[in-house]
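Peer 1: Below is the file input38.cif, which contains mmCIF, C-alpha atoms and all ligand atoms.
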```
data_entry
loop_
_atom_site.group_PDB
_atom_site.id
_atom_site.type_symbol
_atom_site.label_atom_id
_atom_site.label_comp_id
_atom_site.auth_asym_id
_atom_site.auth_seq_id
_atom_site.Cartn_x
_atom_site.Cartn_y
_atom_site.Cartn_z
ATOM 1 C CA MET A 23 -51.260 -1.672 13.303
ATOM 2 C CA LYS A 24 -50.346 0.515 16.262
ATOM 3 C CA LEU A 25 -46.819 1.697 17.035
ATOM 4 C CA ILE A 26 -46.210 1.278 20.728
ATOM 5 C CA ALA A 27 -42.991 1.892 22.637
ATOM 6 C CA ILE A 28 -42.389 -0.182 25.732
ATOM 7 C CA ALA A 29 -39.635 0.784 28.140
ATOM 8 C CA ALA A 30 -38.583 0.769 31.757
ATOM 9 C CA VAL A 31 -37.154 4.066 33.005
ATOM 10 C CA GLY A 32 -35.586 5.395 36.154
ATOM 11 C CA LYS A 33 -36.659 8.706 37.634
ATOM 12 C CA ASN A 34 -33.789 10.396 35.794
ATOM 13 C CA GLY A 35 -34.909 8.847 32.469
ATOM 14 C CA ALA A 36 -32.274 6.118 32.760
ATOM 15 C CA LEU A 37 -32.680 3.232 30.327
ATOM 16 C CA GLY A 38 -29.359 1.465 30.254
ATOM 17 C CA TRP A 39 -25.800 1.415 31.479
ATOM 18 C CA LYS A 40 -22.929 -0.170 29.565
ATOM 19 C CA GLY A 41 -25.312 -2.108 27.318
ATOM 20 C CA LYS A 42 -27.393 -3.548 30.144
ATOM 21 C CA LEU A 43 -30.482 -2.680 32.198
ATOM 22 C CA PRO A 44 -29.482 -0.868 35.410
ATOM 23 C CA TRP A 45 -31.957 -2.891 37.548
ATOM 24 C CA ASN A 46 -33.322 -6.330 38.080
ATOM 25 C CA LEU A 47 -37.133 -6.368 37.988
ATOM 26 C CA PRO A 48 -38.502 -9.842 37.229
ATOM 27 C CA GLU A 49 -42.110 -8.587 37.289
ATOM 28 C CA ASP A 50 -41.243 -6.017 34.641
ATOM 29 C CA LEU A 51 -39.710 -8.688 32.433
ATOM 30 C CA ARG A 52 -42.929 -10.692 32.765
ATOM 31 C CA TYR A 53 -44.977 -7.574 31.882
ATOM 32 C CA PHE A 54 -42.773 -7.007 28.835
ATOM 33 C CA ARG A 55 -43.125 -10.634 27.774
ATOM 34 C CA ASP A 56 -46.911 -10.664 28.196
ATOM 35 C CA SER A 57 -47.373 -7.315 26.414
ATOM 36 C CA THR A 58 -45.311 -8.214 23.365
ATOM 37 C CA ARG A 59 -45.997 -11.945 22.974
ATOM 38 C CA GLY A 60 -47.293 -12.762 19.502
ATOM 39 C CA GLN A 61 -46.623 -9.221 18.289
ATOM 40 C CA ILE A 62 -43.754 -7.529 16.420
ATOM 41 C CA VAL A 63 -40.746 -6.208 18.339
ATOM 42 C CA LEU A 64 -38.465 -3.647 16.709
ATOM 43 C CA MET A 65 -35.101 -2.849 18.285
ATOM 44 C CA GLY A 66 -31.828 -1.106 17.584
ATOM 45 C CA ARG A 67 -28.804 -3.198 16.743
ATOM 46 C CA LYS A 68 -27.196 -2.460 20.131
ATOM 47 C CA THR A 69 -30.246 -3.693 22.019
ATOM 48 C CA TYR A 70 -30.237 -6.788 19.820
ATOM 49 C CA ASP A 71 -26.582 -7.322 20.726
ATOM 50 C CA SER A 72 -27.415 -7.021 24.424
ATOM 51 C CA LEU A 73 -30.158 -9.659 24.049
ATOM 52 C CA GLY A 74 -27.875 -11.869 21.977
ATOM 53 C CA LYS A 75 -30.716 -13.719 20.273
ATOM 54 C CA PRO A 76 -34.238 -13.118 18.973
ATOM 55 C CA LEU A 77 -37.050 -13.056 21.533
ATOM 56 C CA PRO A 78 -39.169 -16.198 21.228
ATOM 57 C CA LYS A 79 -42.837 -16.231 20.161
ATOM 58 C CA ARG A 80 -42.769 -12.877 18.402
ATOM 59 C CA GLU A 81 -41.580 -11.389 15.133
ATOM 60 C CA ASN A 82 -38.159 -9.770 15.688
ATOM 61 C CA ALA A 83 -36.917 -6.802 13.668
ATOM 62 C CA VAL A 84 -33.570 -5.036 14.009
ATOM 63 C CA LEU A 85 -32.637 -1.564 12.754
ATOM 64 C CA THR A 86 -29.044 -1.036 11.642
ATOM 65 C CA ARG A 87 -27.165 1.074 9.121
ATOM 66 C CA ASP A 88 -24.852 -1.876 8.515
ATOM 67 C CA ARG A 89 -25.834 -3.347 5.151
ATOM 68 C CA SER A 90 -23.999 -6.575 5.919
ATOM 69 C CA PHE A 91 -25.736 -7.227 9.259
ATOM 70 C CA GLN A 92 -27.530 -10.567 9.451
ATOM 71 C CA ALA A 93 -28.799 -12.653 12.345
ATOM 72 C CA ALA A 94 -30.816 -15.836 12.398
ATOM 73 C CA GLY A 95 -34.477 -15.315 13.244
ATOM 74 C CA VAL A 96 -34.541 -11.545 12.811
ATOM 75 C CA ARG A 97 -35.694 -9.355 9.944
ATOM 76 C CA VAL A 98 -33.255 -6.522 9.257
ATOM 77 C CA PHE A 99 -34.247 -2.967 8.261
ATOM 78 C CA HIS A 100 -32.079 0.046 7.482
ATOM 79 C CA ASP A 101 -34.646 2.720 8.249
ATOM 80 C CA LEU A 102 -37.782 2.986 10.368
ATOM 81 C CA GLU A 103 -40.066 3.858 7.462
ATOM 82 C CA SER A 104 -39.231 0.587 5.657
ATOM 83 C CA ALA A 105 -40.029 -1.436 8.772
ATOM 84 C CA VAL A 106 -43.364 0.341 9.326
ATOM 85 C CA HIS A 107 -44.262 0.000 5.672
ATOM 86 C CA PHE A 108 -43.341 -3.685 5.538
ATOM 87 C CA TYR A 109 -45.295 -4.688 8.659
ATOM 88 C CA GLY A 110 -48.211 -2.416 7.853
ATOM 89 C CA SER A 111 -48.725 -3.977 4.452
ATOM 90 C CA ALA A 112 -47.774 -7.662 4.831
ATOM 91 C CA PRO A 113 -51.024 -9.664 5.306
ATOM 92 C CA GLU A 114 -49.502 -11.901 8.001
ATOM 93 C CA PHE A 115 -48.386 -8.914 10.119
ATOM 94 C CA ARG A 116 -50.665 -5.978 9.494
ATOM 95 C CA GLU A 117 -53.194 -6.972 12.186
ATOM 96 C CA LEU A 118 -50.420 -7.029 14.807
ATOM 97 C CA ASP A 119 -48.989 -4.167 16.845
ATOM 98 C CA LEU A 120 -45.417 -3.052 16.377
ATOM 99 C CA PHE A 121 -43.633 -2.664 19.709
ATOM 100 C CA VAL A 122 -40.565 -0.461 19.729
ATOM 101 C CA ILE A 123 -38.421 -2.052 22.436
ATOM 102 C CA GLY A 124 -35.422 0.283 22.438
ATOM 103 C CA GLY A 125 -32.855 1.405 23.018
ATOM 104 C CA ALA A 126 -32.537 5.156 23.366
ATOM 105 C CA GLU A 127 -31.712 5.825 19.706
ATOM 106 C CA ILE A 128 -34.678 3.854 18.441
ATOM 107 C CA TYR A 129 -37.125 5.345 20.967
ATOM 108 C CA SER A 130 -35.943 8.759 19.833
ATOM 109 C CA LEU A 131 -36.337 7.894 16.163
ATOM 110 C CA SER A 132 -39.828 6.481 16.590
ATOM 111 C CA LEU A 133 -41.211 9.032 19.085
ATOM 112 C CA PRO A 134 -42.930 11.244 16.453
ATOM 113 C CA PHE A 135 -44.807 8.210 15.070
ATOM 114 C CA LEU A 136 -45.849 6.445 18.278
ATOM 115 C CA HIS A 137 -49.499 5.942 19.192
ATOM 116 C CA GLU A 138 -48.754 4.772 22.725
ATOM 117 C CA ILE A 139 -45.993 4.370 25.254
ATOM 118 C CA LEU A 140 -45.978 1.689 27.932
ATOM 119 C CA LEU A 141 -43.612 2.758 30.673
ATOM 120 C CA THR A 142 -42.455 1.017 33.767
ATOM 121 C CA GLU A 143 -41.536 3.978 35.946
ATOM 122 C CA ILE A 144 -39.006 3.090 38.576
ATOM 123 C CA GLU A 145 -38.651 5.343 41.622
ATOM 124 C CA GLY A 146 -34.887 5.493 41.603
ATOM 125 C CA GLU A 147 -32.020 7.443 40.097
ATOM 126 C CA PHE A 148 -29.629 5.204 38.192
ATOM 127 C CA GLU A 149 -26.231 5.642 36.665
ATOM 128 C CA ALA A 150 -26.882 5.436 32.945
ATOM 129 C CA ASP A 151 -25.495 6.147 29.503
ATOM 130 C CA ALA A 152 -28.825 5.700 27.667
ATOM 131 C CA PHE A 153 -31.890 7.819 28.491
ATOM 132 C CA PHE A 154 -35.516 7.899 27.339
ATOM 133 C CA PRO A 155 -35.919 10.903 24.975
ATOM 134 C CA GLY A 156 -37.790 13.910 26.307
ATOM 135 C CA TYR A 157 -38.565 12.218 29.590
ATOM 136 C CA SER A 158 -38.612 14.714 32.420
ATOM 137 C CA GLY A 159 -37.801 12.891 35.607
ATOM 138 C CA GLY A 160 -39.769 13.406 38.772
ATOM 139 C CA GLU A 161 -42.884 14.525 36.902
ATOM 140 C CA PHE A 162 -42.972 11.366 34.807
ATOM 141 C CA SER A 163 -44.266 13.305 31.840
ATOM 142 C CA ILE A 164 -43.441 13.025 28.145
ATOM 143 C CA PRO A 165 -44.081 16.041 25.914
ATOM 144 C CA GLY A 166 -46.845 15.327 23.391
ATOM 145 C CA PHE A 167 -48.267 12.393 25.358
ATOM 146 C CA GLU A 168 -50.901 12.117 28.060
ATOM 147 C CA ARG A 169 -51.034 9.567 30.827
ATOM 148 C CA VAL A 170 -54.124 7.340 30.581
ATOM 149 C CA GLU A 171 -53.431 4.613 33.100
ATOM 150 C CA THR A 172 -51.130 3.834 36.008
ATOM 151 C CA ARG A 173 -51.059 0.825 38.257
ATOM 152 C CA PRO A 174 -48.527 0.001 40.923
ATOM 153 C CA GLY A 175 -46.092 -2.854 40.575
ATOM 154 C CA LEU A 176 -45.138 -4.996 43.509
ATOM 155 C CA GLU A 177 -43.998 -2.826 46.380
ATOM 156 C CA CYS A 178 -40.392 -3.847 46.105
ATOM 157 C CA ASP A 179 -38.001 -5.881 44.040
ATOM 158 C CA SER A 180 -34.783 -7.337 45.331
ATOM 159 C CA ALA A 181 -33.146 -3.889 45.159
ATOM 160 C CA SER A 182 -36.084 -2.227 46.959
ATOM 161 C CA HIS A 183 -37.221 -0.005 44.109
ATOM 162 C CA ARG A 184 -40.871 0.990 43.904
ATOM 163 C CA TYR A 185 -42.244 1.113 40.387
ATOM 164 C CA ARG A 186 -45.486 1.451 38.456
ATOM 165 C CA PHE A 187 -46.814 0.456 35.060
ATOM 166 C CA SER A 188 -48.125 3.402 33.051
ATOM 167 C CA ARG A 189 -49.708 3.862 29.674
ATOM 168 C CA PHE A 190 -49.438 7.097 27.716
ATOM 169 C CA ARG A 191 -51.162 7.952 24.458
ATOM 170 C CA ARG A 192 -50.509 10.735 22.027
ATOM 171 C CA ALA A 193 -52.227 13.871 23.284
ATOM 172 C CA LYS A 194 -54.910 15.274 21.012
ATOM 173 C CA SER A 195 -53.691 18.610 19.666
HETATM 174 N N1 LIG A 201 -34.863 0.244 29.942
HETATM 175 C C1 LIG A 201 -35.360 -0.285 28.828
HETATM 176 O O1 LIG A 201 -36.580 -0.507 28.707
HETATM 177 C C2 LIG A 201 -34.433 -0.607 27.690
HETATM 178 C C3 LIG A 201 -34.923 -1.176 26.508
HETATM 179 C C4 LIG A 201 -34.024 -1.440 25.477
HETATM 180 C C5 LIG A 201 -32.682 -1.147 25.627
HETATM 181 N N2 LIG A 201 -32.246 -0.603 26.781
HETATM 182 C C6 LIG A 201 -30.837 -0.238 26.958
HETATM 183 O O2 LIG A 201 -30.517 0.777 26.010
HETATM 184 C C7 LIG A 201 -29.129 0.669 25.674
HETATM 185 C C8 LIG A 201 -28.981 0.613 24.169
HETATM 186 O O3 LIG A 201 -29.513 1.799 23.590
HETATM 187 P P1 LIG A 201 -28.714 2.631 22.474
HETATM 188 O O4 LIG A 201 -29.451 3.891 22.226
HETATM 189 O O5 LIG A 201 -27.281 2.688 22.879
HETATM 190 O O6 LIG A 201 -28.772 1.661 21.201
HETATM 191 P P2 LIG A 201 -30.011 1.083 20.329
HETATM 192 O O7 LIG A 201 -31.034 2.145 20.131
HETATM 193 O O8 LIG A 201 -30.436 -0.236 20.863
HETATM 194 O O9 LIG A 201 -29.261 0.782 18.948
HETATM 195 C C9 LIG A 201 -28.599 1.804 18.270
HETATM 196 C C10 LIG A 201 -28.252 1.295 16.886
HETATM 197 O O10 LIG A 201 -29.420 1.258 16.080
HETATM 198 C C11 LIG A 201 -29.080 1.527 14.730
HETATM 199 N N3 LIG A 201 -29.725 2.783 14.300
HETATM 200 C C12 LIG A 201 -29.922 3.914 15.013
HETATM 201 N N4 LIG A 201 -30.533 4.846 14.272
HETATM 202 C C13 LIG A 201 -30.738 4.280 13.054
HETATM 203 C C14 LIG A 201 -31.333 4.749 11.852
HETATM 204 N N5 LIG A 201 -31.831 6.005 11.748
HETATM 205 N N6 LIG A 201 -31.381 3.917 10.787
HETATM 206 C C15 LIG A 201 -30.879 2.655 10.892
HETATM 207 N N7 LIG A 201 -30.305 2.154 12.000
HETATM 208 C C16 LIG A 201 -30.237 2.960 13.072
HETATM 209 C C17 LIG A 201 -27.549 1.695 14.699
HETATM 210 O O11 LIG A 201 -27.021 0.395 14.486
HETATM 211 P P3 LIG A 201 -25.606 0.167 13.725
HETATM 212 O O12 LIG A 201 -24.574 0.766 14.640
HETATM 213 O O13 LIG A 201 -25.517 -1.312 13.597
HETATM 214 O O14 LIG A 201 -25.709 0.883 12.405
HETATM 215 C C18 LIG A 201 -27.272 2.173 16.121
HETATM 216 O O15 LIG A 201 -25.944 1.939 16.537
HETATM 217 C C19 LIG A 201 -28.616 -0.566 26.388
HETATM 218 O O16 LIG A 201 -28.004 -0.166 27.612
HETATM 219 C C20 LIG A 201 -29.882 -1.349 26.680
HETATM 220 O O17 LIG A 201 -29.731 -2.213 27.814
HETATM 221 C C21 LIG A 201 -33.087 -0.319 27.811
#
```
Represent the supplied structure as structure tokens.

Peer 2:
Amino acid sequence: MKLIAIAAVGKNGALGWKGKLPWNLPEDLRYFRDSTRGQIVLMGRKTYDSLGKPLPKRENAVLTRDRSFQAAGVRVFHDLESAVHFYGSAPEFRELDLFVIGGAEIYSLSLPFLHEILLTEIEGEFEADAFFPGYSGGEFSIPGFERVETRPGLECDSASHRYRFSRFRRAKS
């Protein structure tokens, strides 16, 4: 099982604003859906709230400190280690990849354990209250990770933002 974060970020590291994505990129949503279909998605409780329901056709896991939190169709964990241990050892899940799908708190928590990061890098500065950890805007670099692949997205979306799909893997030390 690999631990892979998948996120879309603005040039300033922006991830979210007032609980929502600051952009509208249908091609990115398709990329997210295709990348994570049939796999495990792990998210923070706030990201789960913003989705409002589990994502179909994948195993959904939510991290919360709230011991009373329950939601239909999601498996609840109270720390990252328990989630990784559960999915890494359960026969029906251990062949799958675990995708960390945000938000900022959960990317930050999982960063030291990630094998890969799939980033949609959007060429725009966005007002935001959630940022990708350690992401230095402009350079599109993440300390501890090396870029292994980049391909352009469609030239423009409805808001005229250029963007690209990039894959980073943990740099060999
Ligand atoms: N651009 C993207 O790709 C992308 C992807 C996902 C989300 N987002 C955006 O990111 C924003 C949400 O991010 P966020 O950082 O505010 O929230 P978040 O990471 O989605 O969730 C934070 C919550 O996770 C739980 N949590 C955090 N650390 C924990 C730990 N160590 N152990 C157990 N539970 C823990 C807590 O839940 P409790 O409070 O219930 O204890 C905490 O309030 C939204 O704007 C969303 O739209 C963007």

Peer 1: Considering all atoms listed in the file, can you say which of A:Leu64, A:Ile144, A:Ala30, A:Leu77 comes closest to ligand LIG 201 (chain A)?

Peer 2: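 Going through A:Leu64, A:Ile144, A:Ala30, A:Leu77 one by one, the smallest distance to ligand LIG 201 (chain A) is for A:Ala30.
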
Peer 1: Applying the PyMOL selection byres (((not hetatm)) within 6 of (chain A and resi 201)) to the file I just gave you, which residues come out? Please list them as a PDB file with C-alpha atoms, keeping the file's coordinate frame.

Peer 2:
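Done, and the output landed in result_14.pdb:
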```
ATOM      1  CA  ALA A  29     -39.635   0.784  28.140  1.00  0.00           C
ATOM      2  CA  ALA A  30     -38.583   0.769  31.757  1.00  0.00           C
ATOM      3  CA  VAL A  31     -37.154   4.066  33.005  1.00  0.00           C
ATOM      4  CA  LEU A  37     -32.680   3.232  30.327  1.00  0.00           C
ATOM      5  CA  GLY A  38     -29.359   1.465  30.254  1.00  0.00           C
ATOM      6  CA  TRP A  39     -25.800   1.415  31.479  1.00  0.00           C
ATOM      7  CA  LYS A  40     -22.929  -0.170  29.565  1.00  0.00           C
ATOM      8  CA  GLY A  41     -25.312  -2.108  27.318  1.00  0.00           C
ATOM      9  CA  LYS A  42     -27.393  -3.548  30.144  1.00  0.00           C
ATOM     10  CA  LEU A  43     -30.482  -2.680  32.198  1.00  0.00           C
ATOM     11  CA  MET A  65     -35.101  -2.849  18.285  1.00  0.00           C
ATOM     12  CA  GLY A  66     -31.828  -1.106  17.584  1.00  0.00           C
ATOM     13  CA  ARG A  67     -28.804  -3.198  16.743  1.00  0.00           C
ATOM     14  CA  LYS A  68     -27.196  -2.460  20.131  1.00  0.00           C
ATOM     15  CA  THR A  69     -30.246  -3.693  22.019  1.00  0.00           C
ATOM     16  CA  LEU A  85     -32.637  -1.564  12.754  1.00  0.00           C
ATOM     17  CA  THR A  86     -29.044  -1.036  11.642  1.00  0.00           C
ATOM     18  CA  ARG A  87     -27.165   1.074   9.121  1.00  0.00           C
ATOM     19  CA  ASP A  88     -24.852  -1.876   8.515  1.00  0.00           C
ATOM     20  CA  HIS A 100     -32.079   0.046   7.482  1.00  0.00           C
ATOM     21  CA  ASP A 101     -34.646   2.720   8.249  1.00  0.00           C
ATOM     22  CA  ILE A 123     -38.421  -2.052  22.436  1.00  0.00           C
ATOM     23  CA  GLY A 124     -35.422   0.283  22.438  1.00  0.00           C
ATOM     24  CA  GLY A 125     -32.855   1.405  23.018  1.00  0.00           C
ATOM     25  CA  ALA A 126     -32.537   5.156  23.366  1.00  0.00           C
ATOM     26  CA  GLU A 127     -31.712   5.825  19.706  1.00  0.00           C
ATOM     27  CA  ILE A 128     -34.678   3.854  18.441  1.00  0.00           C
ATOM     28  CA  ALA A 152     -28.825   5.700  27.667  1.00  0.00           C
TER      29      ALA A 152
END
```

Peer 1: Could you state the separation of atom CA of A:Lys75 and atom CA of A:Leu102 in Å, given to one decimal place?

Peer 2: 20.7 Å

Peer 1: Considering all atoms listed in the file, can you say which of A:Gly146, A:Pro78, A:Gly60, A:Gly110 comes closest to A:Arg184?

Peer 2: A:Gly146

Peer 1: Could the centre and edge lengths of an axis-aligned box, enclosing all atoms of stretch 96-111 of chain A in the file with 4 Å extra on each side, be given in Å to one decimal as lines of an AutoDock Vina configuration file?

Peer 2:
```
center_x = -40.4
center_y = -3.8
center_z = 8.6
size_x = 24.6
size_y = 23.4
size_z = 16.4
```

Peer 1: So how many Å separate atom CA of A:Val84 and atom CA of A:Tyr70, to one decimal?

Peer 2: 6.9 Å

Peer 1: Using all atoms listed in the file, find the one residue out of A:Ser111, A:Thr142, A:Ser130, A:Gln92 that sits nearest to A:Leu51.

Peer 2: A:Thr142

Peer 1: What does the structure give for the distance between atom CA of A:Phe187 and atom CA of A:Arg173, in Å to one decimal?

Peer 2: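 Distance reported for this atom pair: 5.3 Å.
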
Peer 1: Tell me which of A:Phe54, A:Phe167, A:Phe99, A:Phe115 sits closest to A:Arg192, counting all atoms listed in the file.

Peer 2: A:Phe167

Peer 1: Could you tell me, as a ChimeraX atom specification, exactly which residues end up selected when the PyMOL selection byres (((chain A and resi 155) around 8) and not hetatm) is applied to this structure?

Peer 2: /A:35,126,129-130,153-154,156-157

Peer 1: Output C-alpha atoms for every residue in that selection, as an mmCIF file, keeping the file's coordinate frame.

Peer 2:
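The result, written out as out-v3.cif:
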```
data_model
loop_
_atom_site.group_PDB
_atom_site.id
_atom_site.type_symbol
_atom_site.label_atom_id
_atom_site.label_comp_id
_atom_site.auth_asym_id
_atom_site.auth_seq_id
_atom_site.Cartn_x
_atom_site.Cartn_y
_atom_site.Cartn_z
ATOM 1 C CA GLY A 35 -34.909 8.847 32.469
ATOM 2 C CA ALA A 126 -32.537 5.156 23.366
ATOM 3 C CA TYR A 129 -37.125 5.345 20.967
ATOM 4 C CA SER A 130 -35.943 8.759 19.833
ATOM 5 C CA PHE A 153 -31.890 7.819 28.491
ATOM 6 C CA PHE A 154 -35.516 7.899 27.339
ATOM 7 C CA GLY A 156 -37.790 13.910 26.307
ATOM 8 C CA TYR A 157 -38.565 12.218 29.590
#
```

Peer 1: For the point (-30.5, 2.5, 35.8) in file coordinates, what residues are within 6 Å, counting all atoms listed in the file? Give the answer as a PyMOL selection string?

Peer 2: chain A and resi 32+36-38+44-45+148-150

Peer 1: What lies within 10 Å of A:Asn82 using all atoms listed in the file, ignoring chain neighbours under 6 positions off, as an mmCIF file with C-alpha atoms, keeping the file's coordinate frame?

Peer 2:
```cif
data_model
loop_
_atom_site.group_PDB
_atom_site.id
_atom_site.type_symbol
_atom_site.label_atom_id
_atom_site.label_comp_id
_atom_site.auth_asym_id
_atom_site.auth_seq_id
_atom_site.Cartn_x
_atom_site.Cartn_y
_atom_site.Cartn_z
ATOM 1 C CA GLN A 61 -46.623 -9.221 18.289
ATOM 2 C CA ILE A 62 -43.754 -7.529 16.420
ATOM 3 C CA VAL A 63 -40.746 -6.208 18.339
ATOM 4 C CA LEU A 64 -38.465 -3.647 16.709
ATOM 5 C CA MET A 65 -35.101 -2.849 18.285
ATOM 6 C CA TYR A 70 -30.237 -6.788 19.820
ATOM 7 C CA LYS A 75 -30.716 -13.719 20.273
ATOM 8 C CA PRO A 76 -34.238 -13.118 18.973
ATOM 9 C CA GLY A 95 -34.477 -15.315 13.244
ATOM 10 C CA VAL A 96 -34.541 -11.545 12.811
ATOM 11 C CA ARG A 97 -35.694 -9.355 9.944
ATOM 12 C CA VAL A 98 -33.255 -6.522 9.257
ATOM 13 C CA LEU A 120 -45.417 -3.052 16.377
ATOM 14 C CA PHE A 121 -43.633 -2.664 19.709
#
```

Peer 1: May I have the protein, DNA and RNA residues with any atom at most 9 Å from the point (-44.7, 8.4, 21.5), counting all atoms listed in the file, written as a list in words?

Peer 2: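 Output of the proximity query reads Leu25, Ile26, Ala27, Tyr129, Ser130, Ser132, Leu133, Pro134, Phe135, Leu136, His137, Glu138, Ile139, Ile164, Pro165, Gly166, Phe167, Phe190, Arg191 and Arg192 of chain A.
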
Peer 1: Looking at A:Gly74, A:Asn34, A:Pro113, A:Leu141, which one is nearest to A:Tyr53, with distances taken over only C-alpha atoms?

Peer 2: A:Leu141

Peer 1: Using all atoms listed in the file for the distances, tell me which of A:Arg52, A:Arg186, A:Arg80, A:Arg89 is nearest to A:Asp119.

Peer 2: A:Arg80
